[in-house]
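Worksheet for the structure shown next.
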Amino acid sequence: MSLGGFFDLATKQKELEELEKEAMATDFWGNTQRVQTVNQRIASLKDEIGEYEKLKSSVDDIETLLELAIEENDTSLEPEIQNGLTTIGTQFEKIELRLMLDGEFDENNAILNIHPGAGGVDAQDWAGMLMRLYLRWCDQHNYTTEIVDLTSGDEAGIKGATILVKGVYAYGYLKAESGVHRLVRLSPFDFNNRRHTSFAAVHLTPEIDDNIEVEINNEDLRIDTYRASGAGGQHVNVTDSAVRITHIPTNIMVQCQNERSQHRNREIAMKVLRSRLYNHFQAQRDEEIAKLQPERRNIDFGSQIRSYVLHPYQRVKDTRTNVETGNVEAVLNGEIDMFIESFLKMKPTK
């Protein structure tokens with residue numbers, strides 16, 4: 001089998017050359033949005049080509065070892081050959097999974113929203129635990145994160161969070177996490193230490209760049225400013241730097257309070273609004289795009305995509321794929337690749 005043909009190496013190398021040539025043009029840096037898009041695509045192509053070259057090198061090494069073992073009738077090389085084949089299998093699966101991410105927005109940055117559901121304070125604490133989980137997953141995969149909006153819970157956890165995840169294929173991978181997540185544990189907020197079940201919803205949308213037309217009329221917007229309540233220092237807390245934008249026709253509301261500057265908060269809020277409006281309008285016009293948005297369900301019993309059980313036993317199980325693990329601590333520390341990969345392999349990506 002020609003790995004280059006399977007991977008379409010020539011096409012990727014040609015695209016990389018063209019983008020690098022564009023990046024060297026004198027007028028390239030004048031368009032900030034284009035710079036971001038091109039640089040992100042260049043990074044993606046270099047990463048993909050690098051993965052292919054690593055796989056090809058591993059295959060070449062194994063072929064050399066096999067030829068040597070056959071020529072010399074040397075069975076002592078068998079363990080090394082077996083280890084090499086295992087490595088090749090792992091590398092090939094990684095490339096195969098990446099090739100599955102061919103949806104229209106899979107390469108885009110992702111906008112991650114987390115909200116607590118049924119369960120009171122426990123649910124707010126659970127939402128906070130999920131935010132920590134995803135921030136750790138992003139860090140492990142070299143994705144950068146920007147907390148656009150964060151509302152702390154009354155006693156613990158969060159009432160809501162919006163996080164912009166920046167990096168190639170951020171949306172492609174994280175879209176597998178959209179849905180309701182259930183936690184079962186002995187509640188640290190129950191005086192009698194009884195077992196409680198809590199729920200939180202995770203929702204993903206791709207960040208839409210400025211090259212895609214989204215008509216937003218200023219008269220359709222209600223823009224409110226208010227005093228930020230989160231961290232950020234004295235300046236944030238004594239000025240009306242936070243921004244809330246409501247798109248009146250659709251009643252879609254976004255807000256940002258994480259930046260010190262009202263101008264910067266408004267800029268980020270508009271970016272999030274563009275993405276949400278794009279998905280809203282496309283879902284109305286195009287059934288295929290509507291599939292990007294998982295069915296909205298109540299954030300309570302019977303609606304979860306994954307259960308995290310800490311008591312009376314320890315197990316995390318994805319109800320869509322039946323993949324499970326007893327290493328709950330690792331999962332809560334961001335090790336969720338097994339769930340993401342099994343979901344992507346099961347479900348069409350487009």
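Every chain in the structure tokens takes a letter, A first, then B, and so on in the order presented; its residues are numbered from 1, and the ligands are numbered from 1 following the presented order.
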Could you produce a table of the residues of segment 77-113 of chain A lying within 10 Å of segment 35-56 of chain A, with the nearest pair of atoms per residue and their separation in Å rounded to one decimal, using only C-alpha atoms, ordered by chain and increasing residue number, as a Markdown table?
```
| residue | atom | partner | partner_atom | distance |
| --- | --- | --- | --- | --- |
| A:Thr87 | CA | A:Leu55 | CA | 8.8 |
| A:Ile88 | CA | A:Leu55 | CA | 6.4 |
| A:Gly89 | CA | A:Leu55 | CA | 9.2 |
| A:Thr90 | CA | A:Leu55 | CA | 9.4 |
| A:Gln91 | CA | A:Leu55 | CA | 6.1 |
| A:Phe92 | CA | A:Leu55 | CA | 7.0 |
| A:Lys94 | CA | A:Glu51 | CA | 8.5 |
| A:Ile95 | CA | A:Glu51 | CA | 7.1 |
| A:Arg98 | CA | A:Glu48 | CA | 8.3 |
| A:Leu99 | CA | A:Glu48 | CA | 9.4 |
| A:Glu107 | CA | A:Arg41 | CA | 8.2 |
| A:Asn108 | CA | A:Gln40 | CA | 8.9 |
| A:Asn109 | CA | A:Gln40 | CA | 9.6 |
```
Query - Nearby residues (only C-alpha atoms) at most 10 Å from Ala69 of chain A, same-chain spacing under 6 positions excluded, as a list in words - result: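 After dropping sequence-adjacent residues, the list is Glu63, Thr75, Ser76, Leu77, Glu78 and Ile81 of chain A.
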Output file for the residues above (C-alpha atoms, as a PDB file, in the first residue's frame):
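What landed in part_34.pdb:
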```
ATOM      1  CA  GLU A  63      11.266  -3.424   6.673  1.00  0.00           C
ATOM      2  CA  THR A  75      14.959 -14.829  15.731  1.00  0.00           C
ATOM      3  CA  SER A  76      16.419 -12.517  18.409  1.00  0.00           C
ATOM      4  CA  LEU A  77      15.075  -9.541  16.452  1.00  0.00           C
ATOM      5  CA  GLU A  78      11.471 -10.681  16.900  1.00  0.00           C
ATOM      6  CA  ILE A  81      10.026  -6.122  15.329  1.00  0.00           C
TER       7      ILE A  81
END
```
Requested in this report: Quick one: everything within 7 Å of segment 195-209 of chain A, counting only C-alpha atoms, minus sequence neighbours fewer than 4 positions away in the same chain. Send it as an MDAnalysis selection string.
Outcome: chainID A and resid 105 108:119 122:123 126:127 171 175 177:187 274:275 299:300
Using the selection just defined, write its residues with C-alpha atoms as a PDB file, in the first residue's frame.
```pdb
ATOM      1  CA  PHE A 105     -15.548  23.314  10.555  1.00  0.00           C
ATOM      2  CA  ASN A 108     -11.620  25.557  13.465  1.00  0.00           C
ATOM      3  CA  ASN A 109     -11.159  26.846  16.967  1.00  0.00           C
ATOM      4  CA  ALA A 110     -13.925  25.779  19.329  1.00  0.00           C
ATOM      5  CA  ILE A 111     -16.271  27.708  21.606  1.00  0.00           C
ATOM      6  CA  LEU A 112     -16.984  25.610  24.691  1.00  0.00           C
ATOM      7  CA  ASN A 113     -19.968  26.346  26.936  1.00  0.00           C
ATOM      8  CA  ILE A 114     -20.578  24.648  30.297  1.00  0.00           C
ATOM      9  CA  HIS A 115     -23.750  25.017  32.384  1.00  0.00           C
ATOM     10  CA  PRO A 116     -24.928  23.189  35.515  1.00  0.00           C
ATOM     11  CA  GLY A 117     -28.264  21.408  35.467  1.00  0.00           C
ATOM     12  CA  ALA A 118     -30.275  19.515  38.071  1.00  0.00           C
ATOM     13  CA  GLY A 119     -28.452  19.078  41.377  1.00  0.00           C
ATOM     14  CA  ASP A 122     -23.496  19.922  43.613  1.00  0.00           C
ATOM     15  CA  ALA A 123     -24.302  20.603  39.955  1.00  0.00           C
ATOM     16  CA  TRP A 126     -19.684  19.501  38.927  1.00  0.00           C
ATOM     17  CA  ALA A 127     -19.728  22.158  36.190  1.00  0.00           C
ATOM     18  CA  TYR A 171     -13.699  21.793  17.244  1.00  0.00           C
ATOM     19  CA  LYS A 175     -17.489  18.263  19.339  1.00  0.00           C
ATOM     20  CA  GLU A 177     -18.086  16.209  24.179  1.00  0.00           C
ATOM     21  CA  SER A 178     -21.365  18.007  23.419  1.00  0.00           C
ATOM     22  CA  GLY A 179     -24.120  16.711  25.656  1.00  0.00           C
ATOM     23  CA  VAL A 180     -25.159  16.156  29.260  1.00  0.00           C
ATOM     24  CA  HIS A 181     -22.603  14.758  31.728  1.00  0.00           C
ATOM     25  CA  ARG A 182     -23.749  13.011  34.934  1.00  0.00           C
ATOM     26  CA  LEU A 183     -21.816  12.752  38.211  1.00  0.00           C
ATOM     27  CA  VAL A 184     -22.658  10.321  41.047  1.00  0.00           C
ATOM     28  CA  ARG A 185     -20.789  10.794  44.336  1.00  0.00           C
ATOM     29  CA  LEU A 186     -21.050  11.308  48.077  1.00  0.00           C
ATOM     30  CA  SER A 187     -21.867  14.998  48.256  1.00  0.00           C
ATOM     31  CA  ARG A 274     -21.079  35.565  14.975  1.00  0.00           C
ATOM     32  CA  SER A 275     -20.427  31.868  15.513  1.00  0.00           C
ATOM     33  CA  ILE A 299     -29.929  18.570  31.870  1.00  0.00           C
ATOM     34  CA  ASP A 300     -31.175  15.819  34.174  1.00  0.00           C
TER      35      ASP A 300
END
```
Which neighbours of segment 336-346 of chain A fall inside 6 Å, counting only C-alpha atoms, when residues of the same chain fewer than 2 positions from it are skipped, and could you give them as a compact mmCIF listing (two decimals) with all heavy atoms, in the first residue's frame?
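See around.txt below for the written result:
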```txt
# COMPACT_ATOMS: atom_id res chain seq x y z
N ALA A 176 -17.13 15.98 20.13
CA ALA A 176 -17.54 14.71 20.71
C ALA A 176 -18.04 14.86 22.15
O ALA A 176 -18.71 13.97 22.68
CB ALA A 176 -16.38 13.72 20.68
N VAL A 331 -9.45 10.54 34.26
CA VAL A 331 -10.44 11.20 33.41
C VAL A 331 -10.71 12.61 33.89
O VAL A 331 -10.74 13.56 33.10
CB VAL A 331 -11.75 10.38 33.38
CG1 VAL A 331 -12.85 11.16 32.65
CG2 VAL A 331 -11.53 9.03 32.70
N GLY A 334 -8.38 15.19 32.76
CA GLY A 334 -8.31 15.53 31.35
C GLY A 334 -8.02 14.39 30.39
O GLY A 334 -7.95 14.61 29.18
```
Query raised in the report: What is the atom CA of Leu332 of chain A-atom CA of Leu133 of chain A distance in Å, reported with one decimal?
Result: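 Atom CA of Leu332 of chain A sits 5.3 Å away from atom CA of Leu133 of chain A.
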**Report entry** Residue nearest Ser58 of chain A among A:Thr321, A:Phe28, A:Gly128, A:Thr86 (counting only C-alpha atoms)
**Finding:**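 Smallest distance to Ser58 of chain A is found for A:Thr86.
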Report task. Could you tell me, as a VMD selection string, which residues of segment 68-281 of chain A DSSP assigns to alpha helix (DSSP H) when given the backbone? Result -> chain A and resid 68 to 72 78 to 100 120 to 140 170 to 174 234 to 238 262 to 281
